[in-house]
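Chemist: The file below is upload.cif, mmCIF, C-alpha atoms:
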data_structure
loop_
_atom_site.label_atom_id
_atom_site.label_comp_id
_atom_site.auth_asym_id
_atom_site.auth_seq_id
_atom_site.Cartn_x
_atom_site.Cartn_y
_atom_site.Cartn_z
CA MET A 1 155.27 89.54 200.75
CA LYS A 2 157.86 89.04 198.15
CA MET A 3 157.47 86.89 195.01
CA ASN A 4 160.32 84.64 194.08
CA PHE A 5 161.88 84.69 190.64
CA LYS A 6 160.29 81.47 189.40
CA HIS A 7 156.85 82.62 190.27
CA LEU A 8 157.42 85.91 188.54
CA LEU A 9 158.73 84.15 185.43
CA SER A 10 155.68 81.94 185.38
CA LEU A 11 153.46 84.97 185.43
CA PHE A 12 155.31 86.49 182.47
CA LEU A 13 155.12 83.28 180.50
CA LEU A 14 151.41 82.95 181.22
CA ALA A 15 150.81 86.55 180.14
CA GLY A 16 152.73 85.98 176.89
CA LEU A 17 150.83 82.80 176.16
CA LEU A 18 147.52 84.50 176.79
CA SER A 19 148.57 87.38 174.57
CA SER A 20 149.61 84.95 171.85
CA CYS A 21 146.24 83.15 171.99
CA VAL A 22 144.34 86.46 171.71
CA SER A 23 146.45 87.58 168.73
CA SER A 24 145.95 84.24 167.00
CA LYS A 25 142.17 84.37 167.41
CA LYS A 26 142.07 87.95 166.19
CA TYR A 27 144.19 87.07 163.18
CA LYS A 28 141.99 84.11 162.36
CA SER A 29 138.91 86.29 162.71
CA LEU A 30 140.40 88.96 160.46
CA GLN A 31 141.47 86.31 157.93
CA GLU A 32 137.94 84.93 157.82
CA GLU A 33 136.54 88.41 157.36
CA TYR A 34 139.03 89.03 154.58
CA ASP A 35 138.23 85.75 152.87
CA ALA A 36 134.51 86.50 153.13
CA ALA A 37 135.09 89.97 151.71
CA GLN A 38 137.14 88.49 148.87
CA MET A 39 134.38 85.98 148.10
CA ALA A 40 131.73 88.69 148.18
CA HIS A 41 133.87 90.89 145.97
CA LYS A 42 134.37 88.01 143.51
CA LYS A 43 130.64 87.32 143.39
CA ARG A 44 129.89 91.01 142.98
CA LEU A 45 132.46 91.23 140.18
CA GLU A 46 130.95 88.22 138.43
CA MET A 47 127.47 89.72 138.79
CA LEU A 48 128.68 93.05 137.37
CA LYS A 49 130.35 91.26 134.46
CA SER A 50 127.09 89.42 133.78
CA GLU A 51 125.10 92.66 133.95
CA LEU A 52 127.62 94.33 131.65
CA SER A 53 127.31 91.48 129.17
CA GLU A 54 123.48 91.74 129.22
CA THR A 55 123.70 95.51 128.83
CA GLN A 56 126.05 95.11 125.88
CA LYS A 57 123.60 92.68 124.27
CA GLU A 58 120.73 95.12 124.83
CA VAL A 59 122.79 97.94 123.34
CA ALA A 60 123.61 95.77 120.33
CA ASN A 61 119.93 94.87 119.93
CA LEU A 62 118.91 98.52 120.22
CA LYS A 63 121.50 99.48 117.62
CA GLY A 64 120.18 96.75 115.32
CA GLU A 65 116.58 97.91 115.90
CA ALA A 66 117.59 101.53 115.27
CA SER A 67 119.32 100.50 112.06
CA ARG A 68 116.24 98.52 110.96
CA LEU A 69 113.90 101.42 111.74
CA LYS A 70 116.17 103.81 109.86
CA ALA A 71 116.15 101.50 106.85
CA GLU A 72 112.36 101.18 107.03
CA ALA A 73 112.01 104.96 107.25
CA MET A 74 114.24 105.39 104.20
CA ASN A 75 112.27 102.76 102.29
CA ALA A 76 108.99 104.38 103.32
CA LYS A 77 110.30 107.73 102.10
CA LYS A 78 111.32 106.16 98.80
CA ASP A 79 107.94 104.41 98.49
CA ALA A 80 106.12 107.68 99.19
CA ALA A 81 108.19 109.47 96.56
CA SER A 82 107.55 106.65 94.08
CA ALA A 83 103.81 106.68 94.84
CA LEU A 84 103.68 110.44 94.30
CA GLU A 85 105.58 110.09 91.04
CA MET A 86 103.26 107.30 89.90
CA GLN A 87 100.22 109.42 90.76
CA LYS A 88 101.60 112.30 88.69
CA LEU A 89 102.33 109.97 85.77
CA LYS A 90 98.81 108.50 86.01
CA GLU A 91 97.21 111.95 86.02
CA LYS A 92 99.34 112.93 83.03
CA GLU A 93 98.32 109.74 81.21
CA ILE A 94 94.63 110.36 81.97
CA ALA A 95 94.90 113.90 80.60
CA ASN A 96 96.62 112.50 77.49
CA ILE A 97 93.93 109.86 76.92
CA LYS A 98 91.17 112.42 77.42
CA MET A 99 92.78 114.73 74.86
CA GLN A 100 93.13 111.89 72.34
CA ILE A 101 89.49 110.86 72.74
CA LYS A 102 88.27 114.44 72.41
CA LYS A 103 90.34 114.84 69.27
CA ALA A 104 89.03 111.55 67.85
CA PHE A 105 85.41 112.61 68.49
CA SER A 106 85.73 116.28 67.61
CA GLY A 107 82.68 115.98 65.34
CA LEU A 108 80.45 114.33 67.95
CA ASP A 109 77.79 116.43 69.68
CA ASP A 110 78.85 117.36 73.21
CA PRO A 111 75.58 116.18 74.88
CA ASN A 112 76.39 112.62 73.77
CA LEU A 113 79.87 112.50 75.28
CA HIS A 114 80.77 113.18 78.91
CA PHE A 115 84.01 112.96 80.88
CA THR A 116 84.21 112.58 84.65
CA THR A 117 87.05 111.70 86.98
CA LYS A 118 86.39 109.50 90.00
CA ASN A 119 88.81 107.77 92.39
CA GLY A 120 91.70 108.35 90.02
CA HIS A 121 89.84 106.91 87.02
CA LEU A 122 88.74 108.67 83.84
CA ILE A 123 85.15 107.83 82.91
CA LEU A 124 83.98 108.36 79.34
CA SER A 125 80.19 108.17 79.04
CA LEU A 126 78.47 107.74 75.66
CA THR A 127 74.67 107.99 75.44
CA ASP A 128 72.88 105.00 73.95
CA ASN A 129 71.79 106.82 70.76
CA VAL A 130 75.48 107.01 69.83
CA LEU A 131 75.88 103.23 69.99
CA PHE A 132 72.47 101.48 70.06
CA ARG A 133 68.86 101.74 69.14
CA LYS A 134 66.52 102.03 72.09
CA GLY A 135 65.92 98.74 73.88
CA ARG A 136 68.54 96.85 71.87
CA ALA A 137 72.10 95.64 72.44
CA ASP A 138 73.33 95.29 68.85
CA LEU A 139 75.51 98.17 67.73
CA SER A 140 74.20 100.53 65.10
CA ARG A 141 76.36 101.30 62.08
CA SER A 142 77.47 104.59 63.61
CA GLY A 143 77.99 102.76 66.92
CA ARG A 144 80.45 100.37 65.29
CA ASP A 145 82.38 103.34 63.91
CA VAL A 146 82.49 104.92 67.37
CA VAL A 147 83.80 101.70 68.95
CA ALA A 148 86.42 101.33 66.21
CA THR A 149 87.59 104.90 66.88
CA LEU A 150 87.84 104.16 70.60
CA ALA A 151 89.79 100.99 69.85
CA ASP A 152 92.39 103.05 67.97
CA VAL A 153 92.89 105.19 71.09
CA PHE A 154 92.89 102.26 73.53
CA LYS A 155 95.50 100.34 71.54
CA LYS A 156 97.94 103.20 72.12
CA HIS A 157 97.71 102.51 75.85
CA PRO A 158 98.40 98.78 76.34
CA ASP A 159 98.84 99.18 80.12
CA MET A 160 95.38 100.69 80.63
CA ARG A 161 92.57 98.71 82.25
CA ILE A 162 89.16 99.25 80.66
CA LEU A 163 85.86 98.57 82.42
CA VAL A 164 82.90 98.76 80.00
CA MET A 165 79.75 99.39 82.05
CA GLY A 166 76.26 99.29 80.55
CA HIS A 167 73.41 101.38 81.98
CA THR A 168 69.69 101.78 81.27
CA ASP A 169 66.87 104.05 82.34
CA SER A 170 64.16 102.83 84.71
CA ASP A 171 61.56 102.11 81.99
CA ARG A 172 60.56 98.49 81.67
CA ILE A 173 61.57 96.66 78.52
CA ARG A 174 58.59 96.22 76.22
CA ARG A 175 59.40 95.91 72.52
CA THR A 176 62.43 93.66 73.02
CA ARG A 177 61.38 91.70 76.10
CA TYR A 178 61.65 88.52 74.01
CA LEU A 179 65.42 89.24 73.83
CA TYR A 180 66.18 90.66 77.29
CA LYS A 181 64.50 89.66 80.53
CA ASP A 182 64.98 93.04 82.21
CA ASN A 183 67.20 96.11 82.36
CA TRP A 184 69.95 94.10 84.05
CA ASP A 185 70.03 91.76 81.09
CA LEU A 186 70.04 94.64 78.61
CA SER A 187 72.80 96.60 80.39
CA VAL A 188 75.11 93.58 80.56
CA ALA A 189 74.37 92.63 76.94
CA ARG A 190 75.31 96.13 75.76
CA ALA A 191 78.59 96.09 77.65
CA ALA A 192 79.43 92.63 76.27
CA THR A 193 78.64 93.75 72.72
CA VAL A 194 81.00 96.72 73.00
CA VAL A 195 83.78 94.53 74.44
CA ARG A 196 83.43 92.00 71.61
CA ASP A 197 83.74 94.74 69.00
CA LEU A 198 86.77 96.20 70.76
CA LEU A 199 88.30 92.72 70.67
CA LYS A 200 87.63 92.51 66.92
CA ASP A 201 89.35 95.86 66.51
CA GLY A 202 92.50 94.63 68.27
CA VAL A 203 92.15 95.68 71.92
CA PRO A 204 93.59 92.83 74.06
CA ALA A 205 91.03 90.87 76.10
CA ALA A 206 93.24 91.05 79.20
CA GLN A 207 92.68 94.82 79.36
CA MET A 208 88.88 94.68 79.44
CA THR A 209 85.98 93.81 81.71
CA ALA A 210 82.26 93.98 80.84
CA ALA A 211 79.57 94.68 83.43
CA GLY A 212 76.05 96.07 83.74
CA ARG A 213 74.28 98.19 86.36
CA ALA A 214 70.76 98.45 84.89
CA ASP A 215 69.21 101.73 86.12
CA LEU A 216 71.04 101.89 89.49
CA ASP A 217 73.72 104.49 88.69
CA LYS A 218 72.23 107.81 87.68
CA MET A 219 74.41 110.45 86.04
CA GLY A 220 72.59 113.23 87.83
CA ILE A 221 72.75 115.46 84.76
CA VAL A 222 69.70 117.39 83.63
CA VAL A 223 69.24 117.15 79.86
CA GLU A 224 66.84 119.41 78.01
CA GLY A 225 64.56 117.89 75.35
CA LYS A 226 61.89 115.29 74.87
CA ASP A 227 64.18 112.38 75.84
CA ALA A 228 65.61 113.52 79.18
CA ASN A 229 66.49 109.92 80.11
CA ALA A 230 68.88 109.45 77.19
CA ILE A 231 71.83 110.28 79.43
CA GLU A 232 70.92 107.38 81.73
CA ARG A 233 70.89 104.92 78.82
CA ARG A 234 74.62 105.07 78.39
CA VAL A 235 77.79 103.04 78.23
CA ASP A 236 80.63 104.05 80.55
CA PHE A 237 84.25 103.36 79.73
CA VAL A 238 86.10 103.44 83.06
CA LEU A 239 89.74 103.96 82.13
CA ASP A 240 92.44 103.14 84.66
CA PRO A 241 96.06 103.54 83.52
CA ASP A 242 98.47 101.14 85.24
CA ALA A 243 100.55 103.61 87.26
CA GLU A 244 103.15 100.99 88.19
CA ALA A 245 103.74 100.03 84.56
CA LEU A 246 104.00 103.70 83.61
CA TYR A 247 106.52 104.22 86.40
CA LYS A 248 108.68 101.32 85.20
CA VAL A 249 108.75 102.79 81.69
CA TYR A 250 109.53 106.22 83.14
CA LYS A 251 112.39 104.85 85.26
CA GLY A 252 113.73 102.95 82.27
CA MET A 253 113.77 106.14 80.20
CA LYS A 254 115.74 107.98 82.92
CA LYS A 255 118.55 105.44 82.99
#
Output the file's structure as C-alpha cells, nothing else.
Modeler:
Amino acid sequence: MKMNFKHLLSLFLLAGLLSSCVSSKKYKSLQEEYDAAQMAHKKRLEMLKSELSETQKEVANLKGEASRLKAEAMNAKKDAASALEMQKLKEKEIANIKMQIKKAFSGLDDPNLHFTTKNGHLILSLTDNVLFRKGRADLSRSGRDVVATLADVFKKHPDMRILVMGHTDSDRIRRTRYLYKDNWDLSVARAATVVRDLLKDGVPAAQMTAAGRADLDKMGIVVEGKDANAIERRVDFVLDPDAEALYKVYKGMKK
C-alpha cells in the first residue's frame, strides 16, 4: 500500500515537532541543572570566603597572642635577671653591714655578739648583759654606748629595715615584777627601749620596728659557765636591706 505525498509530509512534520519538543525539554532541564550548579557554586564560594575570613581572624589572634607571650617571656627574663642582681646586691650589702658592725665592736667579747643569716636577713644578737641588767629594761651605761655605736652603722644604710626583737629566758620575773607583768612584757619593753635610743641617736623611725618574743625563740647555742641562759636573754637586730632601693641606686650609677 502506497502512502501519498501529503501523508508522508505530515509524518515528517510530526517527527520534527516531536524532536523539537524533546530538545526543548532537555535544554530546559540542562539550564535548570546549570542554574542550580551556579547557585550551589555561589553559596559554596560565599561559605569559603566566610571560612577564609574567620581563619584570617584566628591567624591574626594567634599572632597577637604569640607576640604577647613573647613579650611576657622577655619581661619575665628581665625580671629574673633583675631579681638575681638584686639578690646579689642584697648579699653584698649584708656582708658590708656585718663587716662594719664587727669593726665597730672589735673590742667586744665574742660570746656576747652573734651573727646568723636567715631568709635573706642578717641577724645580730647581743646578750642582755651587754645592754641591760638582769630583769630590767633600762639600758646600762655600756648598753647606751653599744646602741649609739649601732646607730652610727645603721645611719649609713638608710634603705635598711631594722626589726629589734627582745627575748628572755624562761625564768619567772621576781625582783622586778612590780615593773613587768611577765617575760612578754619585759621582752617588748627591752625592744622599745633600744628603738627609742636609736631614734635619739638619729636612726629614722620609719626604718624600725620593735617586738618581743619572751622565751619562745631559743638560740640553741650551748654556752659554758654559770649563766648558761644568758644567750637566751638577748636582743636581736634583724637587718633587711631594701634590695629594690639598692638596685635603683645601682642602675643609676651604671647610666
Chemist: Figure out the distance between CA of Tyr180 in chain A and CA of Leu150 in chain A, please, to one decimal in Å.
Modeler: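 Separation of CA of Leu150 in chain A and CA of Tyr180 in chain A: 26.4 Å.
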Chemist: One decimal, Å: what's the distance from CA of Arg161 in chain A over to CA of Leu199 in chain A, could you say?
Modeler: 13.7 Å
Chemist: Identify which of the residues A:Pro241, A:Gly202, A:Gly212, A:Gly64 lies closest to Ala151 in chain A, counting only C-alpha atoms when measuring atom-to-atom distances.
Modeler: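 Smallest separation from Ala151 in chain A among the options: A:Gly202.
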Chemist: Near range 183-198 of chain A, counting all atoms listed in the file, which residues have an atom at most 10 Å away, once you skip same-chain residues fewer than 3 positions from it, shown as a PDB file with C-alpha atoms, keeping the file's coordinate frame?
Modeler:
ATOM      1  CA  ASP A 128      72.880 105.000  73.950  1.00  0.00           C
ATOM      2  CA  LEU A 131      75.880 103.230  69.990  1.00  0.00           C
ATOM      3  CA  PHE A 132      72.470 101.480  70.060  1.00  0.00           C
ATOM      4  CA  GLY A 135      65.920  98.740  73.880  1.00  0.00           C
ATOM      5  CA  ARG A 136      68.540  96.850  71.870  1.00  0.00           C
ATOM      6  CA  ALA A 137      72.100  95.640  72.440  1.00  0.00           C
ATOM      7  CA  ASP A 138      73.330  95.290  68.850  1.00  0.00           C
ATOM      8  CA  LEU A 139      75.510  98.170  67.730  1.00  0.00           C
ATOM      9  CA  GLY A 143      77.990 102.760  66.920  1.00  0.00           C
ATOM     10  CA  ARG A 144      80.450 100.370  65.290  1.00  0.00           C
ATOM     11  CA  VAL A 147      83.800 101.700  68.950  1.00  0.00           C
ATOM     12  CA  ALA A 148      86.420 101.330  66.210  1.00  0.00           C
ATOM     13  CA  THR A 149      87.590 104.900  66.880  1.00  0.00           C
ATOM     14  CA  LEU A 150      87.840 104.160  70.600  1.00  0.00           C
ATOM     15  CA  ALA A 151      89.790 100.990  69.850  1.00  0.00           C
ATOM     16  CA  ASP A 152      92.390 103.050  67.970  1.00  0.00           C
ATOM     17  CA  PHE A 154      92.890 102.260  73.530  1.00  0.00           C
ATOM     18  CA  LYS A 155      95.500 100.340  71.540  1.00  0.00           C
ATOM     19  CA  ILE A 162      89.160  99.250  80.660  1.00  0.00           C
ATOM     20  CA  LEU A 163      85.860  98.570  82.420  1.00  0.00           C
ATOM     21  CA  VAL A 164      82.900  98.760  80.000  1.00  0.00           C
ATOM     22  CA  MET A 165      79.750  99.390  82.050  1.00  0.00           C
ATOM     23  CA  GLY A 166      76.260  99.290  80.550  1.00  0.00           C
ATOM     24  CA  HIS A 167      73.410 101.380  81.980  1.00  0.00           C
ATOM     25  CA  THR A 168      69.690 101.780  81.270  1.00  0.00           C
ATOM     26  CA  ASP A 169      66.870 104.050  82.340  1.00  0.00           C
ATOM     27  CA  SER A 170      64.160 102.830  84.710  1.00  0.00           C
ATOM     28  CA  ASP A 171      61.560 102.110  81.990  1.00  0.00           C
ATOM     29  CA  ARG A 172      60.560  98.490  81.670  1.00  0.00           C
ATOM     30  CA  ILE A 173      61.570  96.660  78.520  1.00  0.00           C
ATOM     31  CA  THR A 176      62.430  93.660  73.020  1.00  0.00           C
ATOM     32  CA  ARG A 177      61.380  91.700  76.100  1.00  0.00           C
ATOM     33  CA  LEU A 179      65.420  89.240  73.830  1.00  0.00           C
ATOM     34  CA  TYR A 180      66.180  90.660  77.290  1.00  0.00           C
ATOM     35  CA  ASP A 201      89.350  95.860  66.510  1.00  0.00           C
ATOM     36  CA  GLY A 202      92.500  94.630  68.270  1.00  0.00           C
ATOM     37  CA  VAL A 203      92.150  95.680  71.920  1.00  0.00           C
ATOM     38  CA  PRO A 204      93.590  92.830  74.060  1.00  0.00           C
ATOM     39  CA  ALA A 205      91.030  90.870  76.100  1.00  0.00           C
ATOM     40  CA  MET A 208      88.880  94.680  79.440  1.00  0.00           C
ATOM     41  CA  THR A 209      85.980  93.810  81.710  1.00  0.00           C
ATOM     42  CA  ALA A 210      82.260  93.980  80.840  1.00  0.00           C
ATOM     43  CA  ALA A 211      79.570  94.680  83.430  1.00  0.00           C
ATOM     44  CA  GLY A 212      76.050  96.070  83.740  1.00  0.00           C
ATOM     45  CA  ARG A 213      74.280  98.190  86.360  1.00  0.00           C
ATOM     46  CA  ALA A 214      70.760  98.450  84.890  1.00  0.00           C
ATOM     47  CA  ASP A 215      69.210 101.730  86.120  1.00  0.00           C
ATOM     48  CA  LEU A 216      71.040 101.890  89.490  1.00  0.00           C
ATOM     49  CA  ARG A 233      70.890 104.920  78.820  1.00  0.00           C
ATOM     50  CA  ARG A 234      74.620 105.070  78.390  1.00  0.00           C
ATOM     51  CA  VAL A 235      77.790 103.040  78.230  1.00  0.00           C
ATOM     52  CA  ASP A 236      80.630 104.050  80.550  1.00  0.00           C
ATOM     53  CA  PHE A 237      84.250 103.360  79.730  1.00  0.00           C
TER      54      PHE A 237
END
Chemist: Pick the closest to Thr127 in chain A from A:His114, A:Arg68, A:Lys200, A:Lys77: which is it, counting all atoms listed in the file?
Modeler: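 Smallest separation from Thr127 in chain A among the options: A:His114.
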Chemist: Would you mind reading off the distance between CA of Lys98 in chain A and CA of Ser82 in chain A, one decimal, in Å?
Modeler: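 Between CA of Lys98 in chain A and CA of Ser82 in chain A the gap works out to 24.1 Å.
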Chemist: Of the candidates A:Ser106, A:Val238, A:Glu33, A:Glu244, which shows the shortest atom-to-atom distance to Leu84 in chain A, using all atoms listed in the file?
Modeler: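 Residue with the minimum atom-to-atom distance to Leu84 in chain A: A:Glu244.
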Chemist: Go through A:Asp242, A:Ala104, A:Ser125, A:Ala36 one by one, measure the shortest atom-to-atom distance of each to Glu91 in chain A using all atoms listed in the file, and give the residue with the smallest value.
Modeler: A:Asp242
Chemist: Just say which residues the PyMOL selection byres ((chain A and resi 116) around 12) picks in this file, as a PyMOL selection string.
Modeler: chain A and resi 94-95+98+113-115+117-126+219+221+236-239
Chemist: Got a moment to write range 159-181 of chain A out with N, CA and C atoms, as an mmCIF file, in the first residue's frame?
Modeler:
data_model
loop_
_atom_site.group_PDB
_atom_site.id
_atom_site.type_symbol
_atom_site.label_atom_id
_atom_site.label_comp_id
_atom_site.auth_asym_id
_atom_site.auth_seq_id
_atom_site.Cartn_x
_atom_site.Cartn_y
_atom_site.Cartn_z
ATOM 1 N N ASP A 159 68.344 52.683 103.639
ATOM 2 C CA ASP A 159 67.329 51.844 103.000
ATOM 3 C C ASP A 159 67.187 50.486 103.682
ATOM 4 N N MET A 160 67.760 50.352 104.858
ATOM 5 C CA MET A 160 67.706 49.072 105.578
ATOM 6 C C MET A 160 66.565 49.081 106.596
ATOM 7 N N ARG A 161 65.788 47.995 106.598
ATOM 8 C CA ARG A 161 64.736 47.831 107.609
ATOM 9 C C ARG A 161 65.328 47.126 108.827
ATOM 10 N N ILE A 162 64.948 47.592 110.012
ATOM 11 C CA ILE A 162 65.533 47.077 111.249
ATOM 12 C C ILE A 162 64.413 46.612 112.180
ATOM 13 N N LEU A 163 64.393 45.323 112.470
ATOM 14 C CA LEU A 163 63.452 44.776 113.443
ATOM 15 C C LEU A 163 64.230 44.502 114.722
ATOM 16 N N VAL A 164 63.870 45.201 115.819
ATOM 17 C CA VAL A 164 64.511 44.991 117.113
ATOM 18 C C VAL A 164 63.615 44.045 117.907
ATOM 19 N N MET A 165 64.143 42.860 118.214
ATOM 20 C CA MET A 165 63.350 41.813 118.858
ATOM 21 C C MET A 165 63.942 41.476 120.226
ATOM 22 N N GLY A 166 63.118 41.669 121.283
ATOM 23 C CA GLY A 166 63.561 41.334 122.629
ATOM 24 C C GLY A 166 63.253 39.887 122.976
ATOM 25 N N HIS A 167 64.155 39.268 123.744
ATOM 26 C CA HIS A 167 63.978 37.873 124.176
ATOM 27 C C HIS A 167 64.329 37.752 125.663
ATOM 28 N N THR A 168 63.785 36.741 126.304
ATOM 29 C CA THR A 168 64.107 36.456 127.706
ATOM 30 C C THR A 168 64.381 34.961 127.863
ATOM 31 N N ASP A 169 64.835 34.585 129.065
ATOM 32 C CA ASP A 169 64.887 33.152 129.369
ATOM 33 C C ASP A 169 63.526 32.740 129.936
ATOM 34 N N SER A 170 63.422 31.501 130.378
ATOM 35 C CA SER A 170 62.123 31.005 130.848
ATOM 36 C C SER A 170 61.876 31.232 132.335
ATOM 37 N N ASP A 171 62.856 31.842 133.043
ATOM 38 C CA ASP A 171 62.674 32.118 134.476
ATOM 39 C C ASP A 171 61.587 33.162 134.683
ATOM 40 N N ARG A 172 60.809 32.963 135.717
ATOM 41 C CA ARG A 172 59.764 33.955 136.030
ATOM 42 C C ARG A 172 60.399 35.216 136.602
ATOM 43 N N ILE A 173 59.753 36.335 136.330
ATOM 44 C CA ILE A 173 60.246 37.617 136.844
ATOM 45 C C ILE A 173 59.926 37.690 138.341
ATOM 46 N N ARG A 174 60.927 38.029 139.123
ATOM 47 C CA ARG A 174 60.722 38.109 140.569
ATOM 48 C C ARG A 174 61.033 39.512 141.090
ATOM 49 N N ARG A 175 62.298 39.914 140.978
ATOM 50 C CA ARG A 175 62.703 41.181 141.584
ATOM 51 C C ARG A 175 62.029 42.402 140.971
ATOM 52 N N THR A 176 61.685 42.311 139.685
ATOM 53 C CA THR A 176 61.090 43.490 139.021
ATOM 54 C C THR A 176 59.656 43.221 138.550
ATOM 55 N N ARG A 177 58.959 42.333 139.259
ATOM 56 C CA ARG A 177 57.589 42.031 138.825
ATOM 57 C C ARG A 177 56.640 43.213 139.034
ATOM 58 N N TYR A 178 57.060 44.187 139.850
ATOM 59 C CA TYR A 178 56.250 45.402 140.005
ATOM 60 C C TYR A 178 56.354 46.296 138.759
ATOM 61 N N LEU A 179 57.363 46.042 137.905
ATOM 62 C CA LEU A 179 57.532 46.811 136.669
ATOM 63 C C LEU A 179 57.005 46.080 135.436
ATOM 64 N N TYR A 180 57.202 44.752 135.415
ATOM 65 C CA TYR A 180 56.839 43.970 134.230
ATOM 66 C C TYR A 180 55.989 42.785 134.656
ATOM 67 N N LYS A 181 54.864 42.630 134.003
ATOM 68 C CA LYS A 181 53.922 41.569 134.373
ATOM 69 C C LYS A 181 54.516 40.178 134.149
#
